[in-house]
$ cat input-v1.csv   # CSV, C-alpha atoms
chain,number,residue,atom,x,y,z
A,1,MET,CA,87.0,89.6,94.2
A,2,ASP,CA,88.5,92.8,93.0
A,3,PRO,CA,92.1,92.8,91.7
A,4,SER,CA,93.4,94.6,94.8
A,5,SER,CA,91.9,92.1,97.2
A,6,TRP,CA,93.1,89.2,95.0
A,7,TYR,CA,96.6,90.6,94.9
A,8,ASN,CA,96.7,91.2,98.7
A,9,SER,CA,95.5,87.7,99.3
A,10,LEU,CA,98.5,86.1,97.6
A,11,PRO,CA,101.0,84.3,99.7
A,12,VAL,CA,104.1,86.4,100.5
A,13,PHE,CA,106.7,84.7,98.2
A,14,THR,CA,104.2,84.2,95.4
A,15,LYS,CA,103.2,87.9,95.5
A,16,TYR,CA,106.8,89.1,95.3
A,17,TYR,CA,107.7,86.5,92.6
A,18,MET,CA,104.8,87.4,90.4
A,19,THR,CA,105.4,91.1,90.9
A,20,SER,CA,109.1,90.8,90.0
A,21,ALA,CA,108.2,88.9,86.8
A,22,PHE,CA,105.6,91.4,85.9
A,23,VAL,CA,107.8,94.5,86.5
A,24,THR,CA,110.8,92.9,84.7
A,25,ALA,CA,108.6,92.2,81.7
A,26,VAL,CA,107.2,95.7,81.6
A,27,CYS,CA,110.7,97.2,82.0
A,28,SER,CA,111.9,95.0,79.2
A,29,ASN,CA,109.1,96.2,76.9
A,30,PHE,CA,110.0,99.8,77.6
A,31,LYS,CA,113.7,99.1,77.1
A,32,VAL,CA,114.5,100.1,80.7
A,33,ILE,CA,116.1,96.7,81.2
A,34,SER,CA,117.6,94.6,78.5
A,35,PRO,CA,117.2,90.8,78.7
A,36,MET,CA,120.9,90.7,77.8
A,37,TYR,CA,121.6,91.6,81.5
A,38,LEU,CA,119.2,89.0,82.9
A,39,PHE,CA,120.1,85.6,81.5
A,40,VAL,CA,122.8,83.4,83.0
A,41,THR,CA,125.8,81.6,81.6
A,42,GLY,CA,128.9,80.1,83.2
A,43,GLU,CA,131.1,82.7,81.6
A,44,TYR,CA,129.2,85.7,83.1
A,45,ILE,CA,129.1,84.1,86.5
A,46,PHE,CA,132.6,82.7,86.9
A,47,LYS,CA,134.6,84.9,84.7
A,48,HIS,CA,132.9,88.3,85.0
A,49,LEU,CA,131.3,87.7,88.4
A,50,GLN,CA,128.0,89.1,87.4
A,51,LEU,CA,126.3,87.3,90.3
A,52,TRP,CA,122.9,89.1,90.0
A,53,ARG,CA,122.2,86.8,87.0
A,54,LEU,CA,121.8,83.9,89.4
A,55,ALA,CA,118.5,85.5,90.5
A,56,THR,CA,117.4,87.5,87.5
A,57,ASN,CA,117.3,84.4,85.2
A,58,TYR,CA,114.4,83.1,87.3
A,59,ILE,CA,112.2,86.2,87.0
A,60,PHE,CA,112.2,86.9,83.3
A,61,PHE,CA,109.5,85.2,81.2
A,62,GLY,CA,109.7,87.4,78.2
A,63,GLY,CA,108.1,90.7,77.4
A,64,PHE,CA,104.6,91.8,78.4
A,65,GLY,CA,102.0,89.8,76.5
A,66,PHE,CA,99.8,86.7,76.6
A,67,GLY,CA,102.7,84.4,77.3
A,68,LEU,CA,103.6,86.3,80.4
A,69,ILE,CA,100.0,86.5,81.7
A,70,TYR,CA,99.7,82.7,81.1
A,71,MET,CA,102.9,82.0,83.0
A,72,LEU,CA,101.7,84.2,85.9
A,73,MET,CA,98.6,82.1,86.0
A,74,LEU,CA,100.7,79.0,86.2
A,75,ILE,CA,102.9,80.5,89.0
A,76,ASN,CA,99.7,81.4,90.9
A,77,ARG,CA,98.5,77.8,90.5
A,78,GLY,CA,101.8,76.1,91.2
A,79,VAL,CA,103.9,78.3,93.5
A,80,GLY,CA,101.0,80.0,95.1
A,81,GLN,CA,99.1,76.8,96.0
A,82,LEU,CA,102.4,75.0,97.1
A,83,GLU,CA,103.1,77.9,99.4
A,84,LYS,CA,99.7,77.5,100.9
A,85,TYR,CA,100.3,73.7,101.2
A,86,PHE,CA,103.5,74.4,103.2
A,87,GLU,CA,101.8,77.2,105.2
A,88,LYS,CA,102.6,75.5,108.5
A,89,LYS,CA,106.0,74.3,107.3
A,90,PRO,CA,107.6,77.5,105.8
A,91,ALA,CA,111.1,76.1,106.2
A,92,ASP,CA,110.1,73.1,104.1
A,93,PHE,CA,108.8,75.4,101.5
A,94,VAL,CA,112.1,77.3,101.4
A,95,MET,CA,113.9,74.0,101.1
A,96,CYS,CA,111.7,73.1,98.2
A,97,LEU,CA,112.4,76.5,96.5
A,98,LEU,CA,116.1,76.1,97.0
A,99,PHE,CA,116.3,72.5,95.8
A,100,ASN,CA,114.4,73.2,92.6
A,101,ALA,CA,116.2,76.4,91.8
A,102,LEU,CA,119.7,75.1,92.5
A,103,ALA,CA,119.0,71.8,90.6
A,104,ILE,CA,117.9,73.7,87.5
A,105,LEU,CA,120.7,76.2,87.4
A,106,PRO,CA,123.6,73.8,86.2
A,107,PHE,CA,121.4,72.5,83.4
A,108,VAL,CA,120.5,76.1,82.3
A,109,MET,CA,124.2,77.0,82.1
A,110,PHE,CA,125.4,73.8,80.6
A,111,PHE,CA,122.7,73.6,77.8
A,112,GLN,CA,122.8,77.4,77.4
A,113,LEU,CA,119.1,77.9,78.0
A,114,GLY,CA,119.6,81.4,79.2
A,115,PHE,CA,116.8,81.5,81.7
A,116,GLY,CA,115.6,79.1,84.4
A,117,SER,CA,112.3,80.8,85.0
A,118,PHE,CA,110.1,78.5,82.9
A,119,SER,CA,111.7,75.4,84.2
A,120,PHE,CA,111.5,76.6,87.8
A,121,ALA,CA,107.8,77.6,87.5
A,122,PHE,CA,107.0,74.2,85.9
A,123,ALA,CA,108.9,72.3,88.6
A,124,MET,CA,107.0,74.0,91.3
A,125,LEU,CA,103.7,73.3,89.5
A,126,TYR,CA,104.7,69.7,89.2
A,127,VAL,CA,105.5,69.4,92.9
A,128,TYR,CA,102.2,70.9,93.9
A,129,CYS,CA,100.2,68.7,91.5
A,130,LYS,CA,101.9,65.6,93.0
A,131,LYS,CA,101.2,66.8,96.5
A,132,GLU,CA,97.5,67.2,95.7
A,133,PRO,CA,97.0,64.8,92.8
A,134,LEU,CA,93.2,64.4,93.2
A,135,SER,CA,92.4,68.2,93.1
A,136,VAL,CA,90.8,69.4,89.9
A,137,VAL,CA,91.8,72.3,87.7
A,138,ASN,CA,89.6,73.8,85.0
A,139,PHE,CA,91.7,74.0,81.8
A,140,TRP,CA,90.0,75.6,78.8
A,141,GLY,CA,86.7,74.2,80.0
A,142,PHE,CA,88.0,70.7,80.8
A,143,ALA,CA,88.1,69.4,84.4
A,144,ILE,CA,91.6,67.9,84.8
A,145,LYS,CA,93.0,66.2,87.9
A,146,ASN,CA,96.2,67.7,89.2
A,147,GLY,CA,98.0,64.4,88.8
A,148,ASN,CA,97.6,64.8,85.0
A,149,PHE,CA,97.8,68.5,84.7
A,150,PRO,CA,101.6,68.9,84.0
A,151,PHE,CA,101.4,66.3,81.2
A,152,VAL,CA,98.4,68.0,79.7
A,153,LEU,CA,100.3,71.3,79.8
A,154,LEU,CA,103.2,69.7,78.0
A,155,VAL,CA,101.0,68.5,75.2
A,156,PHE,CA,99.4,72.0,75.0
A,157,PHE,CA,102.7,73.7,74.8
A,158,MET,CA,103.8,71.3,72.0
A,159,LEU,CA,100.6,72.0,70.1
A,160,ILE,CA,101.1,75.8,70.2
A,161,GLY,CA,104.7,75.3,69.0
A,162,ASP,CA,106.5,76.2,72.2
A,163,ASP,CA,109.9,74.7,73.0
A,164,VAL,CA,109.1,72.1,75.7
A,165,GLN,CA,112.8,71.4,76.6
A,166,LYS,CA,112.6,73.9,79.4
A,167,TYR,CA,109.4,72.4,80.7
A,168,LEU,CA,110.8,68.9,80.6
A,169,LEU,CA,113.7,70.1,82.7
A,170,GLY,CA,111.3,71.5,85.2
A,171,LEU,CA,109.3,68.2,85.2
A,172,ALA,CA,112.5,66.1,85.8
A,173,VAL,CA,113.7,68.3,88.6
A,174,GLY,CA,110.3,68.5,90.2
A,175,HIS,CA,110.0,64.7,90.1
A,176,CYS,CA,113.4,64.3,91.7
A,177,TYR,CA,112.1,66.5,94.6
A,178,ILE,CA,109.1,64.2,95.0
A,179,LEU,CA,111.3,61.1,94.7
A,180,LEU,CA,113.7,62.4,97.4
A,181,THR,CA,111.0,63.7,99.8
A,182,GLU,CA,108.1,61.3,99.3
A,183,ILE,CA,109.2,58.0,97.9
A,184,VAL,CA,112.8,57.4,99.2
A,185,PRO,CA,111.9,58.2,102.9
A,186,VAL,CA,109.0,55.7,102.8
A,187,HIS,CA,110.8,52.8,101.1
A,188,TYR,CA,114.3,53.3,102.6
A,189,ARG,CA,113.7,55.3,105.8
A,190,TRP,CA,116.3,57.8,104.5
A,191,TYR,CA,115.6,61.5,104.4
A,192,PRO,CA,118.1,63.0,101.9
A,193,LEU,CA,116.2,66.4,101.8
A,194,ARG,CA,115.3,66.8,105.4
A,195,THR,CA,115.1,70.5,106.2
A,196,PRO,CA,118.2,71.4,108.3
A,197,GLN,CA,117.8,72.9,111.7
A,198,TRP,CA,119.6,76.1,110.8
A,199,LEU,CA,117.0,76.8,108.1
A,200,GLU,CA,114.1,76.1,110.5
A,201,LYS,CA,115.6,78.6,112.9
A,202,MET,CA,116.0,81.2,110.2
A,203,VAL,CA,112.5,80.8,108.8
A,204,PRO,CA,109.7,81.8,111.2
A,205,GLY,CA,106.7,79.6,111.7
A,206,PRO,CA,106.0,76.0,112.9
A,207,THR,CA,107.8,73.1,111.3
A,208,ASN,CA,107.5,69.4,111.5
A,209,ARG,CA,110.8,67.6,110.9
A,210,GLU,CA,109.4,64.1,111.3
A,211,GLN,CA,106.9,64.3,108.5
A,212,GLN,CA,105.0,61.2,107.9
A,213,PRO,CA,103.5,60.4,104.5
A,214,THR,CA,100.0,61.9,104.3
A,215,GLN,CA,97.0,60.2,102.7
A,216,THR,CA,97.5,62.3,99.7
A,217,ASN,CA,101.1,61.3,99.3
A,218,ARG,CA,100.2,57.6,99.7
A,219,ALA,CA,97.6,58.0,97.1
A,220,PHE,CA,100.2,59.4,94.7
A,221,MET,CA,102.6,56.6,95.4
A,222,GLY,CA,100.2,53.7,95.4
A,223,ARG,CA,97.4,54.3,92.9
A,224,GLY,CA,98.4,57.3,90.8
A,225,VAL,CA,96.0,58.8,88.3
A,226,ARG,CA,95.8,57.4,84.8
A,227,ILE,CA,96.6,59.8,82.1
A,228,GLY,CA,94.2,60.1,79.2
$ encode --input "input-v1.csv" --output "structure tokens"
Amino acid sequence: MDPSSWYNSLPVFTKYYMTSAFVTAVCSNFKVISPMYLFVTGEYIFKHLQLWRLATNYIFFGGFGFGLIYMLMLINRGVGQLEKYFEKKPADFVMCLLFNALAILPFVMFFQLGFGSFSFAFAMLYVYCKKEPLSVVNFWGFAIKNGNFPFVLLVFFMLIGDDVQKYLLGLAVGHCYILLTEIVPVHYRWYPLRTPQWLEKMVPGPTNREQQPTQTNRAFMGRGVRIG
């Protein structure tokens, strides 16, 4: 598949998200945009009302280079596949995006991480991997099940000297989403993250409010996949 066909085949949100990250990185490299205007802190939001930072902190992954390309691959794997998973439930996908982004933001500001992009991408990857735990991804020549993939990535990031704090935040938030949408409804018949009707009306496409746990979800909850 040629690059143009591959790009056009991307789901809508994933395409715009990856494009925004790529353009922002290139503009940063050519000093068209300074990262100083992209990160988020409580002072800039509440004191200076620079509200654009609420969005820009999620699309900057550093300047153009191998790190950016690798993160774009992870976005395609996580966000892209998750968007396809929710293809018939677009409002639920938007709910997933909103929960993970909004849950990450306070921690980014409190711990002064600057950017929530890495945490958000990792959270979405984690959610997808738990939705499809038995699917296999090829990682540097090794076949790894999705259920293990986020943890393998964490080890990889540690080995290359990356700061894993931001990824751990994403993992924790992503797991909270799984807990509130998959585990709590089954065990307690309570749906704390049920997609509201107003969101279903705003987002076009079929939705299914009364979702029952699928076989994949039960596999995740019951057996799990051993790590290592």
$ closest_residue --input "input-v1.csv" --among "A:Asn76, A:Asn29, A:Asn57, A:Gln81" --to "Phe118 (chain A)" --atoms "only C-alpha atoms"
A:Asn57
$ residues_around --input "input-v1.csv" --residues "Leu179 (chain A)" --least-positions-apart "4" --cutoff "12 Å" --atoms "only C-alpha atoms" --output "JSON, numbers by chain"
{"A": [127, 130, 131, 172, 173, 174, 175, 183, 184, 185, 186, 187, 188, 190, 191, 192, 193, 217, 220, 221]}
$ closest_residue --input "input-v1.csv" --among "A:Pro35, A:Met95, A:Gly65, A:Trp6" --to "Gln197 (chain A)" --atoms "all atoms listed in the file"
A:Met95
$ residues_around --input "input-v1.csv" --residues "Pro196 (chain A)" --least-positions-apart "4" --cutoff "10 Å" --atoms "only C-alpha atoms" --output "list of chain:residue names"
A:Ala91, A:Asp92, A:Met95, A:Glu200, A:Lys201, A:Arg209
$ atom_distance --input "input-v1.csv" --atom1 "CA of Leu98 (chain A)" --atom2 "CA of Tyr58 (chain A)"
12.1 Å
$ closest_residue --input "input-v1.csv" --among "A:Gln165, A:Thr56, A:Gln50, A:Asn100" --to "Ala21 (chain A)" --atoms "all atoms listed in the file"
A:Thr56
$ residues_around --input "input-v1.csv" --residues "Leu54 (chain A)" --least-positions-apart "5" --cutoff "10 Å" --atoms "all atoms listed in the file" --output "ChimeraX atom specification"
/A:38-41,44-45,101-102,105,115-116
$ write_last_selection --input "input-v1.csv" --atoms "C-alpha atoms" --output "compact mmCIF listing (two decimals), in the coordinates of the input"
# COMPACT_ATOMS: atom_id res chain seq x y z
CA LEU A 38 119.20 89.00 82.90
CA PHE A 39 120.10 85.60 81.50
CA VAL A 40 122.80 83.40 83.00
CA THR A 41 125.80 81.60 81.60
CA TYR A 44 129.20 85.70 83.10
CA ILE A 45 129.10 84.10 86.50
CA ALA A 101 116.20 76.40 91.80
CA LEU A 102 119.70 75.10 92.50
CA LEU A 105 120.70 76.20 87.40
CA PHE A 115 116.80 81.50 81.70
CA GLY A 116 115.60 79.10 84.40
$ closest_residue --input "input-v1.csv" --among "A:Phe149, A:Ala25, A:Arg189, A:Phe111" --to "Gly67 (chain A)" --atoms "only C-alpha atoms"
A:Ala25
$ residues_around --input "input-v1.csv" --residues "Glu87 (chain A)" --least-positions-apart "4" --cutoff "10 Å" --atoms "all atoms listed in the file" --output "list in words"
Pro11, Gln81, Leu82, Glu83, Ala91, Asp92, Phe93, Gly205, Pro206 and Thr207 of chain A
$ write_last_selection --input "input-v1.csv" --atoms "C-alpha atoms" --output "mmCIF file, keeping the file's coordinate frame"
data_model
loop_
_atom_site.group_PDB
_atom_site.id
_atom_site.type_symbol
_atom_site.label_atom_id
_atom_site.label_comp_id
_atom_site.auth_asym_id
_atom_site.auth_seq_id
_atom_site.Cartn_x
_atom_site.Cartn_y
_atom_site.Cartn_z
ATOM 1 C CA PRO A 11 101.000 84.300 99.700
ATOM 2 C CA GLN A 81 99.100 76.800 96.000
ATOM 3 C CA LEU A 82 102.400 75.000 97.100
ATOM 4 C CA GLU A 83 103.100 77.900 99.400
ATOM 5 C CA ALA A 91 111.100 76.100 106.200
ATOM 6 C CA ASP A 92 110.100 73.100 104.100
ATOM 7 C CA PHE A 93 108.800 75.400 101.500
ATOM 8 C CA GLY A 205 106.700 79.600 111.700
ATOM 9 C CA PRO A 206 106.000 76.000 112.900
ATOM 10 C CA THR A 207 107.800 73.100 111.300
#
$ atom_distance --input "input-v1.csv" --atom1 "CA of Met71 (chain A)" --atom2 "CA of Asn8 (chain A)"
19.2 Å
$ atom_distance --input "input-v1.csv" --atom1 "CA of Ile33 (chain A)" --atom2 "CA of Ile160 (chain A)"
28.0 Å
$ closest_residue --input "input-v1.csv" --among "A:Tyr177, A:Glu43, A:Gly63, A:Tyr126" --to "Lys31 (chain A)" --atoms "only C-alpha atoms"
A:Gly63
$ closest_residue --input "input-v1.csv" --among "A:Ser9, A:Ser4, A:Ser28, A:Ser119" --to "Leu154 (chain A)" --atoms "all atoms listed in the file"
A:Ser119
$ residues_around --input "input-v1.csv" --residues "region 142-147 of chain A" --least-positions-apart "4" --cutoff "7 Å" --atoms "only C-alpha atoms" --output "list in words"
Cys129, Lys130, Glu132, Pro133, Leu134, Ser135, Val136, Val137, Asn138 and Val225 of chain A
$ build_atoms --input "input-v1.csv" --residues "region 166-187 of chain A" --atoms "N, CA, C and O atoms" --output "short mmCIF file (atom, residue, chain, number, x, y, z; two decimals), keeping the file's coordinate frame"
data_model
loop_
_atom_site.label_atom_id
_atom_site.label_comp_id
_atom_site.auth_asym_id
_atom_site.auth_seq_id
_atom_site.Cartn_x
_atom_site.Cartn_y
_atom_site.Cartn_z
N LYS A 166 112.53 73.27 78.10
CA LYS A 166 112.60 73.90 79.40
C LYS A 166 111.60 73.37 80.39
O LYS A 166 111.85 73.27 81.59
N TYR A 167 110.44 72.98 79.87
CA TYR A 167 109.40 72.40 80.70
C TYR A 167 109.75 70.98 81.15
O TYR A 167 109.47 70.57 82.28
N LEU A 168 110.35 70.24 80.25
CA LEU A 168 110.80 68.90 80.60
C LEU A 168 111.85 68.91 81.67
O LEU A 168 111.88 68.03 82.54
N LEU A 169 112.73 69.92 81.61
CA LEU A 169 113.70 70.10 82.70
C LEU A 169 113.05 70.32 84.00
O LEU A 169 113.41 69.72 85.02
N GLY A 170 112.06 71.19 84.01
CA GLY A 170 111.30 71.50 85.20
C GLY A 170 110.61 70.23 85.76
O GLY A 170 110.60 69.96 86.97
N LEU A 171 110.01 69.47 84.85
CA LEU A 171 109.30 68.20 85.20
C LEU A 171 110.29 67.25 85.87
O LEU A 171 109.99 66.63 86.90
N ALA A 172 111.46 67.09 85.26
CA ALA A 172 112.50 66.10 85.80
C ALA A 172 112.96 66.55 87.16
O ALA A 172 113.07 65.71 88.07
N VAL A 173 113.24 67.84 87.34
CA VAL A 173 113.70 68.30 88.60
C VAL A 173 112.63 68.21 89.69
O VAL A 173 112.87 67.79 90.82
N GLY A 174 111.41 68.59 89.32
CA GLY A 174 110.30 68.50 90.20
C GLY A 174 110.06 67.03 90.67
O GLY A 174 109.78 66.75 91.84
N HIS A 175 110.20 66.11 89.73
CA HIS A 175 110.00 64.70 90.10
C HIS A 175 111.13 64.20 90.99
O HIS A 175 110.89 63.37 91.87
N CYS A 176 112.34 64.70 90.78
CA CYS A 176 113.40 64.30 91.70
C CYS A 176 113.13 64.79 93.12
O CYS A 176 113.42 64.07 94.08
N TYR A 177 112.52 65.98 93.24
CA TYR A 177 112.10 66.50 94.60
C TYR A 177 111.12 65.53 95.22
O TYR A 177 111.24 65.16 96.39
N ILE A 178 110.11 65.14 94.45
CA ILE A 178 109.10 64.20 95.00
C ILE A 178 109.72 62.88 95.33
O ILE A 178 109.42 62.29 96.38
N LEU A 179 110.63 62.41 94.48
CA LEU A 179 111.30 61.10 94.70
C LEU A 179 112.08 61.17 96.05
O LEU A 179 112.00 60.24 96.87
N LEU A 180 112.81 62.26 96.28
CA LEU A 180 113.70 62.40 97.40
C LEU A 180 112.94 62.70 98.73
O LEU A 180 113.45 62.47 99.83
N THR A 181 111.75 63.28 98.61
CA THR A 181 111.00 63.70 99.80
C THR A 181 109.82 62.79 100.13
O THR A 181 109.37 62.74 101.28
N GLU A 182 109.30 62.09 99.13
CA GLU A 182 108.10 61.30 99.30
C GLU A 182 108.37 59.78 99.22
O GLU A 182 107.87 59.00 100.03
N ILE A 183 109.11 59.40 98.22
CA ILE A 183 109.20 58.00 97.90
C ILE A 183 110.42 57.33 98.67
O ILE A 183 110.27 56.31 99.34
N VAL A 184 111.59 57.95 98.56
CA VAL A 184 112.80 57.40 99.20
C VAL A 184 112.58 57.28 100.74
O VAL A 184 112.90 56.25 101.33
N PRO A 185 112.06 58.31 101.44
CA PRO A 185 111.90 58.20 102.90
C PRO A 185 110.94 57.02 103.29
O PRO A 185 111.16 56.38 104.32
N VAL A 186 109.93 56.75 102.47
CA VAL A 186 109.00 55.70 102.80
C VAL A 186 109.58 54.31 102.58
O VAL A 186 109.47 53.43 103.43
N HIS A 187 110.27 54.14 101.48
CA HIS A 187 110.80 52.80 101.10
C HIS A 187 112.12 52.49 101.78
O HIS A 187 112.42 51.32 102.03
#
